[in-house]
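Shown here: run14.pdb, PDB, C-alpha atoms.
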ATOM      1  CA  MET X   1       4.440   9.764  41.761  1.00  0.00           C
ATOM      2  CA  ARG X   2       0.911  11.137  41.974  1.00  0.00           C
ATOM      3  CA  PHE X   3      -2.197   9.589  40.485  1.00  0.00           C
ATOM      4  CA  ASN X   4      -3.154  11.378  37.263  1.00  0.00           C
ATOM      5  CA  ILE X   5      -6.758  10.788  36.172  1.00  0.00           C
ATOM      6  CA  PHE X   6      -6.199  12.513  32.817  1.00  0.00           C
ATOM      7  CA  ARG X   7      -3.332  10.169  31.937  1.00  0.00           C
ATOM      8  CA  LEU X   8      -5.308   7.138  33.038  1.00  0.00           C
ATOM      9  CA  ILE X   9      -8.356   8.059  30.943  1.00  0.00           C
ATOM     10  CA  ALA X  10      -6.193   9.009  27.946  1.00  0.00           C
ATOM     11  CA  SER X  11      -4.303   5.695  28.201  1.00  0.00           C
ATOM     12  CA  LEU X  12      -7.515   3.695  28.388  1.00  0.00           C
ATOM     13  CA  ILE X  13      -9.066   5.568  25.460  1.00  0.00           C
ATOM     14  CA  PHE X  14      -5.900   5.225  23.365  1.00  0.00           C
ATOM     15  CA  CYS X  15      -5.883   1.433  23.742  1.00  0.00           C
ATOM     16  CA  GLN X  16      -9.643   1.070  23.262  1.00  0.00           C
ATOM     17  CA  LEU X  17      -9.287   3.196  20.116  1.00  0.00           C
ATOM     18  CA  ALA X  18      -6.829   0.632  18.748  1.00  0.00           C
ATOM     19  CA  GLY X  19      -9.460  -2.013  19.373  1.00  0.00           C
ATOM     20  CA  PHE X  20     -12.093   0.088  17.632  1.00  0.00           C
ATOM     21  CA  ILE X  21      -9.869   0.548  14.574  1.00  0.00           C
ATOM     22  CA  GLY X  22      -9.333  -3.209  14.416  1.00  0.00           C
ATOM     23  CA  SER X  23     -13.070  -3.810  14.705  1.00  0.00           C
ATOM     24  CA  VAL X  24     -13.683  -1.668  11.609  1.00  0.00           C
ATOM     25  CA  PHE X  25     -12.054  -4.491   9.651  1.00  0.00           C
ATOM     26  CA  THR X  26     -13.361  -7.325  11.810  1.00  0.00           C
ATOM     27  CA  MET X  27     -17.076  -6.608  12.082  1.00  0.00           C
ATOM     28  CA  PRO X  28     -17.985  -6.700   8.364  1.00  0.00           C
ATOM     29  CA  ALA X  29     -16.042  -9.946   7.858  1.00  0.00           C
ATOM     30  CA  ILE X  30     -17.616 -11.800  10.815  1.00  0.00           C
ATOM     31  CA  SER X  31     -20.955 -12.352   9.109  1.00  0.00           C
ATOM     32  CA  GLY X  32     -19.462 -12.614   5.622  1.00  0.00           C
ATOM     33  CA  TRP X  33     -16.074 -14.045   4.793  1.00  0.00           C
ATOM     34  CA  TYR X  34     -15.250 -15.349   8.292  1.00  0.00           C
ATOM     35  CA  ALA X  35     -18.629 -17.073   8.560  1.00  0.00           C
ATOM     36  CA  SER X  36     -17.847 -19.014   5.381  1.00  0.00           C
ATOM     37  CA  LEU X  37     -14.562 -20.428   6.700  1.00  0.00           C
ATOM     38  CA  GLU X  38     -14.227 -23.973   7.924  1.00  0.00           C
ATOM     39  CA  LYS X  39     -13.518 -23.682  11.654  1.00  0.00           C
ATOM     40  CA  PRO X  40     -11.511 -25.929  13.985  1.00  0.00           C
ATOM     41  CA  ALA X  41     -13.140 -27.514  17.016  1.00  0.00           C
ATOM     42  CA  ILE X  42     -11.397 -24.984  19.297  1.00  0.00           C
ATOM     43  CA  ASN X  43     -13.104 -22.021  17.621  1.00  0.00           C
ATOM     44  CA  PRO X  44     -15.087 -20.118  20.286  1.00  0.00           C
ATOM     45  CA  PRO X  45     -18.452 -18.493  19.548  1.00  0.00           C
ATOM     46  CA  ASN X  46     -18.164 -15.106  17.858  1.00  0.00           C
ATOM     47  CA  TRP X  47     -19.777 -13.242  20.781  1.00  0.00           C
ATOM     48  CA  ILE X  48     -16.818 -14.035  23.078  1.00  0.00           C
ATOM     49  CA  PHE X  49     -14.273 -11.971  21.146  1.00  0.00           C
ATOM     50  CA  ALA X  50     -15.647  -8.469  21.842  1.00  0.00           C
ATOM     51  CA  PRO X  51     -15.747  -8.749  25.667  1.00  0.00           C
ATOM     52  CA  VAL X  52     -12.379 -10.509  25.822  1.00  0.00           C
ATOM     53  CA  TRP X  53     -10.685  -7.901  23.633  1.00  0.00           C
ATOM     54  CA  THR X  54     -12.353  -5.024  25.476  1.00  0.00           C
ATOM     55  CA  PHE X  55     -10.943  -6.382  28.733  1.00  0.00           C
ATOM     56  CA  LEU X  56      -7.487  -6.928  27.218  1.00  0.00           C
ATOM     57  CA  TYR X  57      -7.406  -3.379  25.819  1.00  0.00           C
ATOM     58  CA  PHE X  58      -8.375  -2.150  29.297  1.00  0.00           C
ATOM     59  CA  LEU X  59      -5.396  -4.003  30.790  1.00  0.00           C
ATOM     60  CA  MET X  60      -3.152  -2.585  28.059  1.00  0.00           C
ATOM     61  CA  GLY X  61      -4.466   0.891  28.919  1.00  0.00           C
ATOM     62  CA  VAL X  62      -3.537   0.451  32.582  1.00  0.00           C
ATOM     63  CA  THR X  63      -0.079  -0.728  31.499  1.00  0.00           C
ATOM     64  CA  LEU X  64       0.291   2.304  29.238  1.00  0.00           C
ATOM     65  CA  TYR X  65      -0.698   4.553  32.155  1.00  0.00           C
ATOM     66  CA  ILE X  66       1.985   2.999  34.378  1.00  0.00           C
ATOM     67  CA  LEU X  67       4.634   3.506  31.705  1.00  0.00           C
ATOM     68  CA  TRP X  68       3.506   7.076  31.043  1.00  0.00           C
ATOM     69  CA  GLN X  69       3.632   7.885  34.762  1.00  0.00           C
ATOM     70  CA  ASN X  70       7.248   6.712  34.848  1.00  0.00           C
ATOM     71  CA  LEU X  71       8.362   8.533  31.714  1.00  0.00           C
ATOM     72  CA  PRO X  72      11.328  10.399  33.161  1.00  0.00           C
ATOM     73  CA  LYS X  73      13.006   6.997  33.445  1.00  0.00           C
ATOM     74  CA  ILE X  74      14.857   5.835  30.324  1.00  0.00           C
ATOM     75  CA  GLU X  75      13.425   2.310  30.764  1.00  0.00           C
ATOM     76  CA  ALA X  76       9.901   3.723  30.574  1.00  0.00           C
ATOM     77  CA  LYS X  77      10.734   5.438  27.281  1.00  0.00           C
ATOM     78  CA  LYS X  78      12.121   2.187  25.842  1.00  0.00           C
ATOM     79  CA  SER X  79       9.079   0.299  27.100  1.00  0.00           C
ATOM     80  CA  LEU X  80       6.722   2.779  25.460  1.00  0.00           C
ATOM     81  CA  VAL X  81       8.372   2.191  22.089  1.00  0.00           C
ATOM     82  CA  PHE X  82       7.772  -1.545  22.347  1.00  0.00           C
ATOM     83  CA  PHE X  83       4.261  -0.940  23.662  1.00  0.00           C
ATOM     84  CA  VAL X  84       3.314   1.227  20.683  1.00  0.00           C
ATOM     85  CA  ILE X  85       4.850  -1.239  18.211  1.00  0.00           C
ATOM     86  CA  GLN X  86       2.872  -4.155  19.646  1.00  0.00           C
ATOM     87  CA  LEU X  87      -0.321  -2.084  19.617  1.00  0.00           C
ATOM     88  CA  VAL X  88       0.190  -1.193  15.944  1.00  0.00           C
ATOM     89  CA  LEU X  89       0.886  -4.863  15.174  1.00  0.00           C
ATOM     90  CA  ASN X  90      -2.296  -5.773  17.038  1.00  0.00           C
ATOM     91  CA  VAL X  91      -4.384  -3.528  14.766  1.00  0.00           C
ATOM     92  CA  LEU X  92      -2.463  -4.662  11.706  1.00  0.00           C
ATOM     93  CA  TRP X  93      -3.405  -8.279  12.377  1.00  0.00           C
ATOM     94  CA  SER X  94      -7.113  -7.401  12.034  1.00  0.00           C
ATOM     95  CA  VAL X  95      -6.396  -5.569   8.791  1.00  0.00           C
ATOM     96  CA  ILE X  96      -4.467  -8.533   7.361  1.00  0.00           C
ATOM     97  CA  PHE X  97      -6.738 -11.335   8.588  1.00  0.00           C
ATOM     98  CA  PHE X  98     -10.206  -9.792   8.291  1.00  0.00           C
ATOM     99  CA  GLY X  99      -9.664  -6.866   5.928  1.00  0.00           C
ATOM    100  CA  LEU X 100      -7.307  -8.444   3.392  1.00  0.00           C
ATOM    101  CA  LYS X 101      -8.485 -12.012   4.109  1.00  0.00           C
ATOM    102  CA  LEU X 102      -4.939 -13.386   4.217  1.00  0.00           C
ATOM    103  CA  PRO X 103      -4.804 -15.980   7.029  1.00  0.00           C
ATOM    104  CA  MET X 104      -1.276 -17.189   6.172  1.00  0.00           C
ATOM    105  CA  VAL X 105       0.183 -13.671   6.262  1.00  0.00           C
ATOM    106  CA  ALA X 106      -1.848 -12.928   9.395  1.00  0.00           C
ATOM    107  CA  PHE X 107      -0.345 -16.007  11.059  1.00  0.00           C
ATOM    108  CA  LEU X 108       3.184 -14.793  10.324  1.00  0.00           C
ATOM    109  CA  GLU X 109       2.235 -11.344  11.595  1.00  0.00           C
ATOM    110  CA  ILE X 110       0.698 -12.679  14.828  1.00  0.00           C
ATOM    111  CA  VAL X 111       3.955 -14.497  15.591  1.00  0.00           C
ATOM    112  CA  ILE X 112       5.764 -11.161  15.292  1.00  0.00           C
ATOM    113  CA  LEU X 113       3.048  -9.574  17.460  1.00  0.00           C
ATOM    114  CA  TRP X 114       3.584 -12.248  20.120  1.00  0.00           C
ATOM    115  CA  ILE X 115       7.335 -11.517  20.130  1.00  0.00           C
ATOM    116  CA  PHE X 116       6.699  -7.790  20.593  1.00  0.00           C
ATOM    117  CA  ILE X 117       4.217  -8.434  23.408  1.00  0.00           C
ATOM    118  CA  LEU X 118       6.876 -10.514  25.147  1.00  0.00           C
ATOM    119  CA  LEU X 119       9.491  -7.799  24.582  1.00  0.00           C
ATOM    120  CA  THR X 120       7.030  -5.222  25.932  1.00  0.00           C
ATOM    121  CA  MET X 121       6.486  -7.361  29.027  1.00  0.00           C
ATOM    122  CA  ILE X 122      10.223  -7.740  29.588  1.00  0.00           C
ATOM    123  CA  LYS X 123      11.004  -4.058  29.044  1.00  0.00           C
ATOM    124  CA  SER X 124       8.051  -2.765  31.064  1.00  0.00           C
ATOM    125  CA  SER X 125       8.774  -5.138  33.971  1.00  0.00           C
ATOM    126  CA  ARG X 126      11.880  -3.033  34.577  1.00  0.00           C
ATOM    127  CA  VAL X 127       9.563  -0.089  35.181  1.00  0.00           C
ATOM    128  CA  SER X 128       6.795  -1.912  37.062  1.00  0.00           C
ATOM    129  CA  LYS X 129       6.403  -5.592  37.891  1.00  0.00           C
ATOM    130  CA  ALA X 130       2.636  -5.098  37.667  1.00  0.00           C
ATOM    131  CA  SER X 131       2.932  -4.782  33.882  1.00  0.00           C
ATOM    132  CA  ILE X 132       3.833  -8.468  33.634  1.00  0.00           C
ATOM    133  CA  TYR X 133       0.580  -9.429  35.333  1.00  0.00           C
ATOM    134  CA  LEU X 134      -1.417  -6.866  33.370  1.00  0.00           C
ATOM    135  CA  LEU X 135      -0.116  -8.142  30.023  1.00  0.00           C
ATOM    136  CA  LEU X 136      -0.135 -11.863  30.875  1.00  0.00           C
ATOM    137  CA  PRO X 137      -3.797 -12.425  29.874  1.00  0.00           C
ATOM    138  CA  TYR X 138      -3.068 -10.589  26.609  1.00  0.00           C
ATOM    139  CA  ILE X 139      -0.122 -12.767  25.596  1.00  0.00           C
ATOM    140  CA  LEU X 140      -2.045 -15.905  26.596  1.00  0.00           C
ATOM    141  CA  TRP X 141      -5.007 -14.846  24.445  1.00  0.00           C
ATOM    142  CA  VAL X 142      -2.667 -14.060  21.540  1.00  0.00           C
ATOM    143  CA  ASN X 143      -1.210 -17.579  21.955  1.00  0.00           C
ATOM    144  CA  PHE X 144      -4.718 -18.949  21.525  1.00  0.00           C
ATOM    145  CA  ALA X 145      -5.437 -16.555  18.643  1.00  0.00           C
ATOM    146  CA  ALA X 146      -2.250 -17.668  16.879  1.00  0.00           C
ATOM    147  CA  ILE X 147      -3.242 -21.333  17.184  1.00  0.00           C
ATOM    148  CA  LEU X 148      -6.732 -20.527  15.938  1.00  0.00           C
ATOM    149  CA  ASN X 149      -5.296 -18.445  13.079  1.00  0.00           C
ATOM    150  CA  PHE X 150      -3.014 -21.344  12.106  1.00  0.00           C
ATOM    151  CA  PHE X 151      -5.887 -23.827  11.963  1.00  0.00           C
ATOM    152  CA  LEU X 152      -8.130 -21.421  10.064  1.00  0.00           C
ATOM    153  CA  TRP X 153      -5.360 -20.954   7.512  1.00  0.00           C
ATOM    154  CA  ARG X 154      -4.654 -24.688   7.146  1.00  0.00           C
ATOM    155  CA  LEU X 155      -8.319 -25.732   7.009  1.00  0.00           C
ATOM    156  CA  ASN X 156      -9.160 -23.196   4.333  1.00  0.00           C
ATOM    157  CA  ILE X 157      -6.302 -23.512   1.847  1.00  0.00           C
TER
END
Take the structure from the file and write it as structure tokens.
Amino acid sequence: MRFNIFRLIASLIFCQLAGFIGSVFTMPAISGWYASLEKPAINPPNWIFAPVWTFLYFLMGVTLYILWQNLPKIEAKKSLVFFVIQLVLNVLWSVIFFGLKLPMVAFLEIVILWIFILLTMIKSSRVSKASIYLLLPYILWVNFAAILNFFLWRLNI
């Protein structure tokens, strides 16, 4: 398997684009609706989210590249399906939480997202063990985001 710079760049851009789409819903709410919410003690400062998510989308992009490079394998095709589903769910969470301002629904959705990240990790590990390590920070951050989402929902009923 040869290194393919086009596939790497396309994979990175594709994942960063998902982050950009999510930010379209997030950014206006940060200084408005989200600012008005009662926050739990574990709530980090707003500035931390952009660099963390940029890094996580980078890691997702590298994972996508690895899967794309292994596409002739049936396991890579299966892994790509789960990868795309989790990426769509990732964007959808921003739409539900920040765009629609529905923290309870967003919490239910982030649980489903977490399951699909785990399934993506399991499926993609059959293609490349590196994908587990690349997606580990992502699932850990989504764990934290789910806890934060839960508390934001409960504190603001």
Mind giving me the axis-aligned box for region 134-145 of chain X with 4 Å on every side, centre plus edges in Å to one decimal, as AutoDock Vina command-line options?
--center_x -2.8 --center_y -12.9 --center_z 26.0 --size_x 13.3 --size_y 20.1 --size_z 22.7
task: Can you turn the PyMOL selection byres ((chain X and resi 155) around 10) into a concrete residue list for this file, as a ChimeraX atom specification?
output: /X:37-40,149-154,156-157
Hey, can you spit out that residue selection with C-alpha atoms as an mmCIF file, in the coordinates of the input?
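Once written, again_20.cif looks like this:
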data_model
loop_
_atom_site.group_PDB
_atom_site.id
_atom_site.type_symbol
_atom_site.label_atom_id
_atom_site.label_comp_id
_atom_site.auth_asym_id
_atom_site.auth_seq_id
_atom_site.Cartn_x
_atom_site.Cartn_y
_atom_site.Cartn_z
ATOM 1 C CA LEU X 37 -14.562 -20.428 6.700
ATOM 2 C CA GLU X 38 -14.227 -23.973 7.924
ATOM 3 C CA LYS X 39 -13.518 -23.682 11.654
ATOM 4 C CA PRO X 40 -11.511 -25.929 13.985
ATOM 5 C CA ASN X 149 -5.296 -18.445 13.079
ATOM 6 C CA PHE X 150 -3.014 -21.344 12.106
ATOM 7 C CA PHE X 151 -5.887 -23.827 11.963
ATOM 8 C CA LEU X 152 -8.130 -21.421 10.064
ATOM 9 C CA TRP X 153 -5.360 -20.954 7.512
ATOM 10 C CA ARG X 154 -4.654 -24.688 7.146
ATOM 11 C CA ASN X 156 -9.160 -23.196 4.333
ATOM 12 C CA ILE X 157 -6.302 -23.512 1.847
#
Checklist entry - X:Asn143, X:Ser31, X:Thr63, X:Gln16: which is nearest Ser79 (chain X), counting all atoms listed in the file? => result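 Of the candidates, the smallest distance to Ser79 (chain X) is held by X:Thr63.
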Within-12 Å shell of (-12.2, -3.5, 15.3) in input frame, all atoms listed in the file, as a ChimeraX atom specification: /X:15-30,49-50,53-54,57,90-95,97-99
Residue selection dump (C-alpha atoms) as a short mmCIF file (atom, residue, chain, number, x, y, z; two decimals), keeping the file's coordinate frame:
data_model
loop_
_atom_site.label_atom_id
_atom_site.label_comp_id
_atom_site.auth_asym_id
_atom_site.auth_seq_id
_atom_site.Cartn_x
_atom_site.Cartn_y
_atom_site.Cartn_z
CA CYS X 15 -5.88 1.43 23.74
CA GLN X 16 -9.64 1.07 23.26
CA LEU X 17 -9.29 3.20 20.12
CA ALA X 18 -6.83 0.63 18.75
CA GLY X 19 -9.46 -2.01 19.37
CA PHE X 20 -12.09 0.09 17.63
CA ILE X 21 -9.87 0.55 14.57
CA GLY X 22 -9.33 -3.21 14.42
CA SER X 23 -13.07 -3.81 14.70
CA VAL X 24 -13.68 -1.67 11.61
CA PHE X 25 -12.05 -4.49 9.65
CA THR X 26 -13.36 -7.32 11.81
CA MET X 27 -17.08 -6.61 12.08
CA PRO X 28 -17.98 -6.70 8.36
CA ALA X 29 -16.04 -9.95 7.86
CA ILE X 30 -17.62 -11.80 10.82
CA PHE X 49 -14.27 -11.97 21.15
CA ALA X 50 -15.65 -8.47 21.84
CA TRP X 53 -10.68 -7.90 23.63
CA THR X 54 -12.35 -5.02 25.48
CA TYR X 57 -7.41 -3.38 25.82
CA ASN X 90 -2.30 -5.77 17.04
CA VAL X 91 -4.38 -3.53 14.77
CA LEU X 92 -2.46 -4.66 11.71
CA TRP X 93 -3.40 -8.28 12.38
CA SER X 94 -7.11 -7.40 12.03
CA VAL X 95 -6.40 -5.57 8.79
CA PHE X 97 -6.74 -11.34 8.59
CA PHE X 98 -10.21 -9.79 8.29
CA GLY X 99 -9.66 -6.87 5.93
#
*Could you jot down the CA of Ser36 (chain X) to CA of Ile96 (chain X) separation for me, Å, one decimal place?*
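CA of Ser36 (chain X) sits 17.1 Å away from CA of Ile96 (chain X).
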Fill in: Selection dump of the PyMOL selection byres ((chain X and resi 61) around 8), as a ChimeraX atom specification
/X:8,11-16,57-60,62-65
Region 115-129 of chain X environment, 12 Å, all atoms listed in the file, sequence neighbours closer than 5 positions dropped, as a compact mmCIF listing (two decimals) with C-alpha atoms, in the coordinates of the input:
# COMPACT_ATOMS: atom_id res chain seq x y z
CA MET X 60 -3.15 -2.58 28.06
CA VAL X 62 -3.54 0.45 32.58
CA THR X 63 -0.08 -0.73 31.50
CA LEU X 64 0.29 2.30 29.24
CA TYR X 65 -0.70 4.55 32.16
CA ILE X 66 1.98 3.00 34.38
CA LEU X 67 4.63 3.51 31.70
CA TRP X 68 3.51 7.08 31.04
CA GLN X 69 3.63 7.88 34.76
CA ASN X 70 7.25 6.71 34.85
CA LEU X 71 8.36 8.53 31.71
CA PRO X 72 11.33 10.40 33.16
CA LYS X 73 13.01 7.00 33.44
CA ILE X 74 14.86 5.84 30.32
CA GLU X 75 13.42 2.31 30.76
CA ALA X 76 9.90 3.72 30.57
CA LYS X 77 10.73 5.44 27.28
CA LYS X 78 12.12 2.19 25.84
CA SER X 79 9.08 0.30 27.10
CA LEU X 80 6.72 2.78 25.46
CA VAL X 81 8.37 2.19 22.09
CA PHE X 82 7.77 -1.54 22.35
CA PHE X 83 4.26 -0.94 23.66
CA VAL X 84 3.31 1.23 20.68
CA ILE X 85 4.85 -1.24 18.21
CA GLN X 86 2.87 -4.16 19.65
CA LEU X 87 -0.32 -2.08 19.62
CA VAL X 88 0.19 -1.19 15.94
CA LEU X 89 0.89 -4.86 15.17
CA ASN X 90 -2.30 -5.77 17.04
CA LEU X 108 3.18 -14.79 10.32
CA GLU X 109 2.24 -11.34 11.60
CA ILE X 110 0.70 -12.68 14.83
CA LEU X 134 -1.42 -6.87 33.37
CA LEU X 135 -0.12 -8.14 30.02
CA LEU X 136 -0.14 -11.86 30.88
CA PRO X 137 -3.80 -12.42 29.87
CA TYR X 138 -3.07 -10.59 26.61
CA ILE X 139 -0.12 -12.77 25.60
CA LEU X 140 -2.04 -15.90 26.60
CA TRP X 141 -5.01 -14.85 24.44
CA VAL X 142 -2.67 -14.06 21.54
CA ASN X 143 -1.21 -17.58 21.96
CA ALA X 146 -2.25 -17.67 16.88
For this session: Would you work out the distance separating CA of Ile5 (chain X) from CA of Tyr133 (chain X), expressed in Å to one decimal?
Result: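 Straight-line distance from CA of Ile5 (chain X) to CA of Tyr133 (chain X) works out to 21.5 Å.
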Original post:
Pick from X:Phe6, X:Leu56, X:Pro51, X:Leu100: nearest to Trp33 (chain X), with only C-alpha atoms counted?
Top reply: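 Result for the nearest residue to Trp33 (chain X): X:Leu100.
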